[in-house]
>>> print(open('coords_35.txt').read())   # compact mmCIF, C-alpha atoms and all ligand atoms
# COMPACT_ATOMS: atom_id res chain seq x y z
CA MET X 20 21.96 -4.70 12.52
CA ASP X 21 20.52 -4.25 9.05
CA THR X 22 17.31 -6.28 8.94
CA SER X 23 16.26 -5.15 5.48
CA ILE X 24 15.57 -7.86 2.93
CA ILE X 25 15.10 -5.45 0.04
CA SER X 26 17.42 -2.52 -0.32
CA ILE X 27 16.98 0.12 -3.01
CA LYS X 28 19.12 3.21 -3.46
CA GLY X 29 18.89 5.93 -6.09
CA LEU X 30 16.87 3.70 -8.38
CA ARG X 31 15.76 5.30 -11.61
CA LYS X 32 14.08 4.05 -14.74
CA VAL X 33 13.68 6.17 -17.83
CA TYR X 34 11.68 4.93 -20.83
CA GLN X 35 12.68 6.99 -23.86
CA ASN X 36 12.23 10.47 -22.35
CA HIS X 37 9.74 9.43 -19.71
CA VAL X 38 10.88 9.02 -16.10
CA ALA X 39 8.88 6.06 -14.74
CA VAL X 40 10.79 5.80 -11.43
CA ASN X 41 12.82 8.68 -10.09
CA HIS X 42 15.68 8.25 -7.57
CA LEU X 43 13.93 5.76 -5.34
CA ASP X 44 15.41 4.98 -1.90
CA LEU X 45 13.60 2.24 -0.02
CA ASP X 46 14.40 -0.46 2.52
CA ILE X 47 11.91 -3.22 3.22
CA GLN X 48 12.34 -5.08 6.48
CA ARG X 49 12.28 -8.86 6.79
CA GLY X 50 8.79 -10.06 7.70
CA GLU X 51 7.02 -6.77 7.11
CA ILE X 52 4.00 -6.13 4.92
CA PHE X 53 4.78 -3.08 2.83
CA GLY X 54 2.22 -1.34 0.66
CA LEU X 55 3.26 0.27 -2.61
CA LEU X 56 0.51 2.78 -3.13
CA GLY X 57 -0.16 5.05 -6.01
CA PRO X 58 -2.48 5.86 -8.86
CA ASN X 59 -2.13 4.17 -12.24
CA GLY X 60 1.12 4.98 -13.96
CA ALA X 61 2.87 6.03 -10.73
CA GLY X 62 5.76 3.60 -11.20
CA LYS X 63 4.81 0.71 -8.91
CA SER X 64 4.98 -2.06 -11.51
CA THR X 65 8.22 -0.72 -12.94
CA THR X 66 9.75 -0.81 -9.45
CA ILE X 67 8.57 -4.41 -8.98
CA LEU X 68 9.97 -5.43 -12.37
CA MET X 69 13.35 -3.98 -11.42
CA MET X 70 13.30 -5.91 -8.12
CA LEU X 71 12.60 -9.11 -10.02
CA GLY X 72 15.32 -8.48 -12.59
CA LEU X 73 12.71 -8.33 -15.33
CA THR X 74 13.63 -4.82 -16.39
CA GLU X 75 16.95 -3.09 -16.15
CA PRO X 76 17.30 0.05 -14.04
CA THR X 77 18.65 3.08 -15.88
CA THR X 78 20.70 3.84 -12.77
CA GLY X 79 20.67 2.84 -9.12
CA PHE X 80 21.08 -0.04 -6.75
CA VAL X 81 18.73 -2.93 -5.88
CA ARG X 82 19.50 -5.89 -3.66
CA VAL X 83 17.02 -8.61 -2.80
CA ASN X 84 18.28 -10.59 0.19
CA GLY X 85 21.72 -9.34 -0.78
CA ILE X 86 21.43 -10.45 -4.41
CA ASN X 87 21.54 -8.19 -7.43
CA PRO X 88 18.50 -9.06 -9.58
CA GLN X 89 20.12 -7.61 -12.66
CA THR X 90 23.08 -9.98 -12.62
CA HIS X 91 21.39 -12.92 -10.82
CA PRO X 92 17.70 -12.88 -11.84
CA VAL X 93 17.27 -16.65 -11.44
CA GLU X 94 18.48 -16.61 -7.81
CA VAL X 95 16.13 -13.75 -7.05
CA LYS X 96 13.19 -15.51 -8.71
CA LYS X 97 13.84 -18.58 -6.55
CA MET X 98 13.15 -16.64 -3.38
CA VAL X 99 10.47 -14.26 -4.59
CA GLY X 100 6.90 -15.30 -5.35
CA TYR X 101 5.16 -12.91 -7.72
CA LEU X 102 1.41 -12.68 -8.18
CA PRO X 103 0.71 -10.47 -11.18
CA ASP X 104 -2.66 -8.75 -11.52
CA ASN X 105 -3.60 -11.03 -14.39
CA ILE X 106 -2.54 -14.53 -13.37
CA GLY X 107 -3.92 -17.29 -15.60
CA PHE X 108 -4.69 -20.92 -14.80
CA TYR X 109 -5.70 -23.95 -16.81
CA GLU X 110 -9.42 -23.41 -16.35
CA THR X 111 -10.46 -26.92 -17.37
CA ARG X 112 -8.16 -28.49 -14.80
CA THR X 113 -8.65 -28.60 -11.05
CA GLY X 114 -7.04 -26.20 -8.61
CA LEU X 115 -4.99 -29.10 -7.29
CA ASP X 116 -3.76 -30.07 -10.78
CA ASN X 117 -2.76 -26.50 -11.49
CA LEU X 118 -0.71 -26.29 -8.32
CA VAL X 119 0.91 -29.71 -8.83
CA LEU X 120 1.99 -28.56 -12.27
CA VAL X 121 3.55 -25.38 -10.91
CA ALA X 122 5.31 -27.38 -8.19
CA GLU X 123 6.72 -29.77 -10.79
CA LEU X 124 7.88 -26.82 -12.89
CA ASN X 125 9.68 -25.63 -9.78
CA GLY X 126 11.59 -28.89 -9.54
CA TYR X 127 9.45 -30.99 -7.16
CA LYS X 128 8.99 -34.69 -8.01
CA TYR X 129 5.33 -35.69 -8.47
CA ASN X 130 4.75 -37.05 -4.93
CA ASP X 131 6.32 -34.04 -3.25
CA ALA X 132 4.54 -31.72 -5.66
CA PHE X 133 1.22 -33.35 -4.78
CA THR X 134 1.82 -33.05 -1.02
CA ARG X 135 2.99 -29.47 -1.33
CA ALA X 136 -0.02 -28.55 -3.47
CA LYS X 137 -2.44 -30.22 -1.02
CA ASN X 138 -0.90 -28.42 1.96
CA LEU X 139 -1.02 -25.07 0.23
CA LEU X 140 -4.65 -25.52 -0.77
CA GLU X 141 -5.36 -25.95 2.91
CA THR X 142 -3.25 -22.90 3.82
CA VAL X 143 -5.23 -20.65 1.47
CA GLY X 144 -8.60 -22.11 2.45
CA LEU X 145 -9.30 -24.05 -0.76
CA LYS X 146 -9.02 -27.57 0.65
CA GLU X 147 -12.67 -28.40 -0.01
CA VAL X 148 -12.63 -27.23 -3.63
CA GLY X 149 -9.19 -28.45 -4.67
CA ASN X 150 -10.73 -31.11 -6.91
CA GLN X 151 -13.04 -28.72 -8.70
CA LYS X 152 -12.17 -27.21 -12.06
CA VAL X 153 -10.78 -23.69 -11.86
CA SER X 154 -13.52 -22.55 -14.25
CA THR X 155 -15.99 -23.00 -11.38
CA TYR X 156 -13.96 -20.77 -9.02
CA SER X 157 -14.99 -17.25 -8.06
CA ARG X 158 -12.55 -14.38 -8.54
CA GLY X 159 -11.72 -14.57 -4.81
CA MET X 160 -10.98 -18.29 -5.03
CA LYS X 161 -8.75 -17.73 -8.05
CA GLN X 162 -6.81 -15.09 -6.12
CA ARG X 163 -6.32 -17.56 -3.27
CA LEU X 164 -5.12 -20.12 -5.77
CA GLY X 165 -2.78 -17.45 -7.14
CA LEU X 166 -1.46 -16.92 -3.64
CA ALA X 167 -0.86 -20.66 -3.25
CA ASP X 168 0.92 -20.55 -6.61
CA THR X 169 3.32 -17.85 -5.36
CA LEU X 170 4.00 -19.89 -2.21
CA ILE X 171 4.92 -23.12 -3.99
CA LYS X 172 8.64 -22.48 -4.00
CA ASN X 173 8.64 -21.49 -0.31
CA PRO X 174 9.65 -17.91 -1.03
CA LYS X 175 11.11 -15.43 1.44
CA ILE X 176 9.25 -12.57 -0.24
CA ILE X 177 5.95 -12.39 -2.07
CA ILE X 178 5.01 -9.52 -4.34
CA LEU X 179 1.32 -9.07 -4.99
CA ASP X 180 0.25 -6.69 -7.75
CA GLU X 181 -3.26 -5.34 -7.13
CA PRO X 182 -4.35 -8.65 -5.52
CA THR X 183 -7.76 -7.42 -4.44
CA LEU X 184 -8.82 -6.09 -7.83
CA GLY X 185 -12.32 -7.29 -8.65
CA LEU X 186 -12.99 -8.86 -5.25
CA ASP X 187 -16.16 -8.01 -3.35
CA PRO X 188 -15.72 -6.38 0.10
CA SER X 189 -15.88 -9.65 2.02
CA GLY X 190 -13.46 -11.27 -0.45
CA VAL X 191 -11.05 -8.38 0.09
CA LYS X 192 -11.29 -8.74 3.85
CA GLU X 193 -10.67 -12.49 3.75
CA PHE X 194 -7.79 -12.17 1.32
CA LEU X 195 -6.05 -9.47 3.36
CA SER X 196 -6.44 -11.36 6.60
CA LEU X 197 -4.99 -14.45 4.93
CA ILE X 198 -1.95 -12.41 3.91
CA ARG X 199 -1.58 -11.00 7.41
CA ASP X 200 -1.72 -14.48 8.98
CA LEU X 201 0.72 -15.92 6.47
CA SER X 202 3.23 -13.17 6.92
CA LYS X 203 3.12 -13.59 10.68
CA LYS X 204 3.29 -17.37 10.66
CA GLU X 205 6.02 -17.74 8.06
CA ASN X 206 7.90 -14.47 8.71
CA LEU X 207 7.16 -13.79 5.09
CA THR X 208 7.93 -10.38 3.63
CA VAL X 209 5.01 -9.09 1.59
CA LEU X 210 5.01 -6.28 -0.93
CA LEU X 211 1.54 -5.30 -1.93
CA SER X 212 0.93 -2.91 -4.77
CA SER X 213 -2.41 -1.19 -4.81
CA HIS X 214 -4.26 2.03 -5.36
CA HIS X 215 -6.70 1.30 -2.55
CA LEU X 216 -5.41 3.17 0.47
CA HIS X 217 -8.08 1.90 2.78
CA GLN X 218 -7.43 -1.74 2.04
CA VAL X 219 -3.70 -1.32 2.35
CA GLN X 220 -4.11 0.44 5.67
CA GLU X 221 -5.79 -2.66 7.09
CA VAL X 222 -2.89 -4.95 6.48
CA CYS X 223 0.38 -3.08 5.91
CA ASN X 224 2.94 -2.23 8.57
CA ARG X 225 4.25 0.57 6.38
CA VAL X 226 3.36 2.07 3.05
CA GLY X 227 5.11 4.12 0.41
CA ILE X 228 3.14 6.57 -1.69
CA PHE X 229 4.18 6.88 -5.31
CA VAL X 230 3.13 9.79 -7.45
CA LYS X 231 4.48 10.26 -10.97
CA GLY X 232 7.55 8.13 -10.38
CA ASN X 233 8.44 9.72 -7.03
CA LEU X 234 8.11 8.17 -3.61
CA ILE X 235 6.62 11.19 -1.89
CA ALA X 236 6.14 9.66 1.57
CA LYS X 237 6.82 6.42 3.38
CA GLY X 238 6.13 5.11 6.83
CA GLU X 239 3.26 4.00 9.01
CA VAL X 240 -0.10 5.21 7.74
CA LYS X 241 -0.65 7.26 10.87
CA ASP X 242 2.51 9.28 10.18
CA LEU X 243 1.93 9.88 6.49
CA ALA X 244 -0.39 12.85 6.85
CA GLN X 245 2.20 14.65 8.94
CA GLN X 246 4.85 13.99 6.27
CA LEU X 247 2.58 15.08 3.44
CA PHE X 248 0.81 18.02 4.97
CA GLY X 249 3.51 19.16 7.41
CA THR X 250 2.55 21.45 10.26
CA ASP X 251 -0.82 22.05 8.65
CA SER X 252 -1.82 18.53 9.54
CA MET X 253 -4.32 19.25 12.30
CA THR X 254 -7.71 20.74 11.79
CA THR X 255 -10.14 21.61 14.53
CA LEU X 256 -13.78 22.54 14.03
CA LEU X 257 -14.94 25.17 16.50
CA ASP X 258 -18.61 25.78 17.05
CA THR X 259 -18.92 29.05 19.01
CA GLY X 260 -22.67 28.71 19.43
CA LEU X 261 -23.00 32.15 17.78
CA ASN X 262 -25.35 32.80 14.86
CA ASN X 263 -24.35 36.33 13.98
CA HIS X 264 -21.89 36.37 11.08
CA ASP X 265 -20.08 39.54 12.25
CA GLU X 266 -19.49 38.04 15.67
CA ILE X 267 -18.16 34.84 14.12
CA GLU X 268 -15.93 36.92 11.82
CA SER X 269 -14.51 38.83 14.76
CA ILE X 270 -13.70 35.56 16.59
CA LYS X 271 -12.04 34.32 13.43
CA ASN X 272 -9.84 37.43 13.35
CA LYS X 273 -8.94 36.96 16.99
CA LEU X 274 -7.96 33.34 16.30
CA GLN X 275 -5.83 34.41 13.38
CA ASN X 276 -3.47 36.24 15.76
CA ILE X 277 -2.80 33.23 17.98
CA ARG X 278 0.64 31.66 17.58
CA GLY X 279 0.40 28.11 16.23
CA ILE X 280 -2.77 28.78 14.26
CA ASP X 281 -1.88 28.80 10.59
CA ARG X 282 -5.19 29.49 8.89
CA THR X 283 -8.87 29.81 9.69
CA GLU X 284 -12.02 29.60 7.58
CA ILE X 285 -15.68 30.14 8.34
CA ASN X 286 -17.92 27.23 7.43
CA GLY X 287 -21.54 28.08 8.30
CA HIS X 288 -21.59 28.56 12.05
CA GLN X 289 -18.30 26.79 12.53
CA ILE X 290 -14.76 28.05 12.30
CA VAL X 291 -12.28 25.64 10.74
CA ILE X 292 -8.91 26.08 12.43
CA HIS X 293 -5.77 24.72 10.77
CA HIS X 294 -3.06 24.57 13.37
CA SER X 295 0.12 22.85 14.38
CA PHE X 296 -0.94 21.85 17.90
CA ASN X 297 -0.96 18.10 18.02
CA SER X 298 -3.80 17.72 20.45
CA ASN X 299 -6.99 19.55 21.27
CA THR X 300 -6.06 20.14 24.88
CA PRO X 301 -3.66 23.07 24.44
CA LEU X 302 -5.91 24.65 21.81
CA VAL X 303 -8.91 24.49 24.12
CA LYS X 304 -6.84 26.07 26.89
CA ILE X 305 -5.68 28.85 24.60
CA LEU X 306 -9.20 29.54 23.36
CA ALA X 307 -10.55 29.63 26.89
CA LYS X 308 -7.79 32.04 27.96
CA GLN X 309 -8.75 34.33 25.10
CA GLU X 310 -12.38 34.08 26.22
CA ILE X 311 -13.46 32.63 22.92
CA PRO X 312 -16.88 30.99 23.27
CA ILE X 313 -16.82 27.23 22.75
CA MET X 314 -20.03 25.28 22.37
CA GLN X 315 -18.41 22.32 20.65
CA ILE X 316 -14.94 21.53 19.45
CA LEU X 317 -14.08 18.64 17.15
CA GLN X 318 -10.66 17.57 16.07
CA LYS X 319 -10.20 16.49 12.49
CA GLY X 320 -6.74 15.08 11.74
CA TYR X 321 -5.82 14.63 8.09
CA GLY X 322 -6.27 11.02 7.24
CA LEU X 323 -6.26 8.64 4.35
CA ASP X 324 -9.23 10.30 2.71
CA ASP X 325 -7.39 13.59 2.55
CA ILE X 326 -4.25 11.94 1.18
CA TYR X 327 -6.38 10.09 -1.32
CA SER X 328 -8.27 13.09 -2.62
CA TYR X 329 -5.20 15.30 -2.66
CA TYR X 330 -2.87 12.94 -4.49
CA PHE X 331 -4.94 10.26 -6.16
CA GLU X 332 -8.32 11.69 -7.09
CA GLU X 333 -7.39 13.10 -10.48
CA ASN X 334 -5.75 9.80 -11.45
CA LYS X 335 -8.29 7.53 -9.83
CA SER X 336 -9.34 4.61 -11.95
N1 LIG X 401 7.65 -0.60 -21.35
C1 LIG X 401 7.35 0.69 -21.20
N2 LIG X 401 7.66 1.59 -22.14
C2 LIG X 401 7.40 2.91 -22.00
N3 LIG X 401 6.78 3.45 -20.92
C3 LIG X 401 6.42 2.59 -19.94
C4 LIG X 401 6.68 1.18 -20.03
N4 LIG X 401 6.22 0.59 -18.90
C5 LIG X 401 5.69 1.59 -18.15
N5 LIG X 401 5.81 2.77 -18.77
C6 LIG X 401 5.38 4.08 -18.25
O1 LIG X 401 6.00 4.29 -17.00
C7 LIG X 401 5.12 4.88 -16.07
C8 LIG X 401 4.99 4.02 -14.83
O2 LIG X 401 4.26 2.83 -15.17
P1 LIG X 401 3.97 1.65 -14.14
O3 LIG X 401 3.31 0.56 -14.89
O4 LIG X 401 5.22 1.33 -13.41
O5 LIG X 401 2.95 2.34 -13.15
P2 LIG X 401 2.03 1.65 -12.04
O6 LIG X 401 2.13 2.54 -10.85
O7 LIG X 401 2.40 0.24 -11.86
O8 LIG X 401 0.59 1.76 -12.67
P3 LIG X 401 -0.53 0.61 -12.79
O9 LIG X 401 -1.20 0.56 -11.47
O10 LIG X 401 -1.41 1.16 -13.86
O11 LIG X 401 0.17 -0.65 -13.18
C9 LIG X 401 3.80 5.08 -16.82
O12 LIG X 401 3.75 6.40 -17.29
C10 LIG X 401 3.89 4.10 -17.96
O13 LIG X 401 3.16 4.57 -19.07
>>> encode(input="coords_35.txt", output="C-alpha cells")
Amino acid sequence: MDTSIISIKGLRKVYQNHVAVNHLDLDIQRGEIFGLLGPNGAGKSTTILMMLGLTEPTTGFVRVNGINPQTHPVEVKKMVGYLPDNIGFYETRTGLDNLVLVAELNGYKYNDAFTRAKNLLETVGLKEVGNQKVSTYSRGMKQRLGLADTLIKNPKIIILDEPTLGLDPSGVKEFLSLIRDLSKKENLTVLLSSHHLHQVQEVCNRVGIFVKGNLIAKGEVKDLAQQLFGTDSMTTLLDTGLNNHDEIESIKNKLQNIRGIDRTEINGHQIVIHHSFNSNTPLVKILAKQEIPIMQILQKGYGLDDIYSYYFEENKS
C-alpha cells in the first residue's frame, strides 16, 4: 500500500539558465517528519514552492495527497500549513487576536475562530501570554505563534522553512520537541527545511540532503554516511603503543595489504585505518592474527559532522 502523502518524480526547475532543482524523486510518508537539508541556495525553498503550487515546475510530477498543486493550488493550500522563515504578525495586537484573525480569514465564524485560537495557543504553550501584544514576545514565542498559525486550518501537512533560525539552544530544543509531539499526536506530516544537521537529526525520521539542486542522499540519518561515503565509511584509530616512526610505518605497510582495508594514514602515534568492515570485532581479530600490536583501538564512524564539513562547510552561512 502506498502510504506516501507527497509524491515527487523527476521534478526540475530551471530559472533562466540556472538549474535550481534537478530531477528530484522523493516520497514523503504520512505522519513522518522529513528534513530537507542543505546549504543556502541548494534548492529547498524552490522545492517547497513547487509543492505549494506557488511556482511552476519546468518538468516533473508533484502530488500532495493525490492533488496536483499546479492545477489545484487552492485545494493544496487548504491541507498544507506553511511557516515561512519570515512570518509577520500584527505586533500591536495580542497573540490571540492575531490567531483569531487568521482563523476568520480561513472561514471560521468569530466564536469558532476564538475557540480554535484559544486551543491552539494552549497546544503551542502560549496560553498564559495569549493576551499580551506580540511586540512583547521573544523570537521563540513568535515561532510558536507561527506554528499555531500554520495549524489553524487543521492541515494534514505542515512545511516549516528554517523554523529554528534565531532561536537560542533551549528555544530550539523546545520548538523541536513541540513539533515531535504534535506530529505524533495528530499524525501530522512535517517537512522541515534547515541547514542545521544536528537539529534536524534530533527530530526527523528521515532527511534528504540537497546540494546545488540535487538530492544527493536520503534516508535515516544513521544510513546517510554509508550512502555518501560508500565503503569508506568506517574509520578505526589504532594505537600500537609504539613510539618509533619506522616501526609504525612498517605496521602501516602491513595493514595496507589486508583485504577490506582501503587506506591508512599515520597520525602521530596512531594509525588511521579506513576500511569497509562494519564493526571493530573482525578488524581486531584480523590485526591480532597478523600479530599487529594493539594498545588501544577506537572506532570512528562517519557522522553528521563529516557530512556537514564535506558538503556544507564551504556554503555555510
Ligand atoms: N526567482 C528566482 N529567480 C532566479 N533564480 C532563483 C529564484 N529563486 C531561487 N533562485 C536560485 O535557485 C537556487 C535555489 O534557491 P533556493 O531558494 O531554492 O535555495 P534554498 O536551498 O532554499 O536556500 P535558502 O536556504 O537560502 O533559502 C539558488 O541558486 C537561487 O539563487
>>> closest_atom_pairs(input="coords_35.txt", of="chain X", to="ligand LIG 401 (chain X)", cutoff="12 Å", atoms="all atoms listed in the file", output="tab-separated table")
residue	atom	partner	partner_atom	distance
X:Arg31	CA	X:LIG401	O1	11.2
X:Lys32	CA	X:LIG401	O1	8.4
X:Val33	CA	X:LIG401	O1	8.0
X:Tyr34	CA	X:LIG401	C2	4.9
X:Gln35	CA	X:LIG401	C2	6.9
X:Asn36	CA	X:LIG401	C2	9.0
X:His37	CA	X:LIG401	N3	6.8
X:Val38	CA	X:LIG401	O1	6.9
X:Ala39	CA	X:LIG401	O1	4.1
X:Val40	CA	X:LIG401	C8	7.0
X:Asn41	CA	X:LIG401	C8	10.3
X:Leu55	CA	X:LIG401	O6	8.6
X:Leu56	CA	X:LIG401	O6	7.9
X:Gly57	CA	X:LIG401	O6	5.9
X:Pro58	CA	X:LIG401	O6	6.0
X:Asn59	CA	X:LIG401	O10	3.5
X:Gly60	CA	X:LIG401	O5	3.3
X:Ala61	CA	X:LIG401	O6	3.6
X:Gly62	CA	X:LIG401	O4	3.2
X:Lys63	CA	X:LIG401	O6	3.8
X:Ser64	CA	X:LIG401	O7	3.5
X:Thr65	CA	X:LIG401	O4	3.7
X:Thr66	CA	X:LIG401	O4	6.4
X:Ile67	CA	X:LIG401	O4	8.0
X:Leu68	CA	X:LIG401	O4	8.3
X:Met69	CA	X:LIG401	O4	9.9
X:Leu73	CA	X:LIG401	N1	11.0
X:Thr74	CA	X:LIG401	N1	8.8
X:Glu75	CA	X:LIG401	N1	10.9
X:Pro103	CA	X:LIG401	O11	10.0
X:Asp104	CA	X:LIG401	O11	8.7
X:Asn105	CA	X:LIG401	O11	11.1
X:Leu179	CA	X:LIG401	O7	11.6
X:Asp180	CA	X:LIG401	O11	8.1
X:Glu181	CA	X:LIG401	O9	7.6
X:Pro182	CA	X:LIG401	O9	11.4
X:Leu184	CA	X:LIG401	O9	10.7
X:Leu211	CA	X:LIG401	O7	11.4
X:Ser212	CA	X:LIG401	O9	7.8
X:Ser213	CA	X:LIG401	O9	7.0
X:His214	CA	X:LIG401	O9	7.0
X:His215	CA	X:LIG401	O9	10.5
X:Gly227	CA	X:LIG401	O6	11.8
X:Ile228	CA	X:LIG401	O6	10.1
X:Phe229	CA	X:LIG401	O6	7.3
X:Val230	CA	X:LIG401	O6	8.1
X:Lys231	CA	X:LIG401	C8	7.4
X:Gly232	CA	X:LIG401	C8	6.6
X:Asn233	CA	X:LIG401	C8	10.3
X:Leu234	CA	X:LIG401	O6	10.9
X:Phe331	CA	X:LIG401	O6	11.5
X:Asn334	CA	X:LIG401	O10	10.0
X:Lys335	CA	X:LIG401	O9	10.1
X:Ser336	CA	X:LIG401	O10	8.9
>>> closest_residue(input="coords_35.txt", among="X:Ala307, X:Tyr109, X:Gly72, X:Leu257", to="X:His91", atoms="all atoms listed in the file")
X:Gly72
>>> residues_around(input="coords_35.txt", residues="X:Thr142", least_positions_apart="4", cutoff="12 Å", atoms="only C-alpha atoms", output="ChimeraX atom specification")
/X:135-138,146-147,149,163-164,166-168,170-171,194,197-198,200-201,204-205
>>> write_last_selection(input="coords_35.txt", atoms="C-alpha atoms", output="mmCIF file, in the frame of the given file")
data_model
loop_
_atom_site.group_PDB
_atom_site.id
_atom_site.type_symbol
_atom_site.label_atom_id
_atom_site.label_comp_id
_atom_site.auth_asym_id
_atom_site.auth_seq_id
_atom_site.Cartn_x
_atom_site.Cartn_y
_atom_site.Cartn_z
ATOM 1 C CA ARG X 135 2.990 -29.470 -1.330
ATOM 2 C CA ALA X 136 -0.020 -28.550 -3.470
ATOM 3 C CA LYS X 137 -2.440 -30.220 -1.020
ATOM 4 C CA ASN X 138 -0.900 -28.420 1.960
ATOM 5 C CA LYS X 146 -9.020 -27.570 0.650
ATOM 6 C CA GLU X 147 -12.670 -28.400 -0.010
ATOM 7 C CA GLY X 149 -9.190 -28.450 -4.670
ATOM 8 C CA ARG X 163 -6.320 -17.560 -3.270
ATOM 9 C CA LEU X 164 -5.120 -20.120 -5.770
ATOM 10 C CA LEU X 166 -1.460 -16.920 -3.640
ATOM 11 C CA ALA X 167 -0.860 -20.660 -3.250
ATOM 12 C CA ASP X 168 0.920 -20.550 -6.610
ATOM 13 C CA LEU X 170 4.000 -19.890 -2.210
ATOM 14 C CA ILE X 171 4.920 -23.120 -3.990
ATOM 15 C CA PHE X 194 -7.790 -12.170 1.320
ATOM 16 C CA LEU X 197 -4.990 -14.450 4.930
ATOM 17 C CA ILE X 198 -1.950 -12.410 3.910
ATOM 18 C CA ASP X 200 -1.720 -14.480 8.980
ATOM 19 C CA LEU X 201 0.720 -15.920 6.470
ATOM 20 C CA LYS X 204 3.290 -17.370 10.660
ATOM 21 C CA GLU X 205 6.020 -17.740 8.060
#
>>> residues_around(input="coords_35.txt", residues="X:His264", least_positions_apart="3", cutoff="10 Å", atoms="all atoms listed in the file", output="PyMOL selection string")
chain X and resi 261+267-270+285+287-288
>>> atom_distance(input="coords_35.txt", atom1="atom CA of X:Thr283", atom2="atom CA of X:Met253")
11.8 Å
>>> residues_near_point(input="coords_35.txt", point="(6.2, -4.3, 7.6)", cutoff="12 Å", atoms="all atoms listed in the file", output="MDAnalysis selection string")
chainID X and resid 22:25 46:55 176 199 202:203 206:211 219:220 222:227 237:240
>>> atom_distance(input="coords_35.txt", atom1="atom CA of X:Ile305", atom2="atom CA of X:Gln246")
25.8 Å
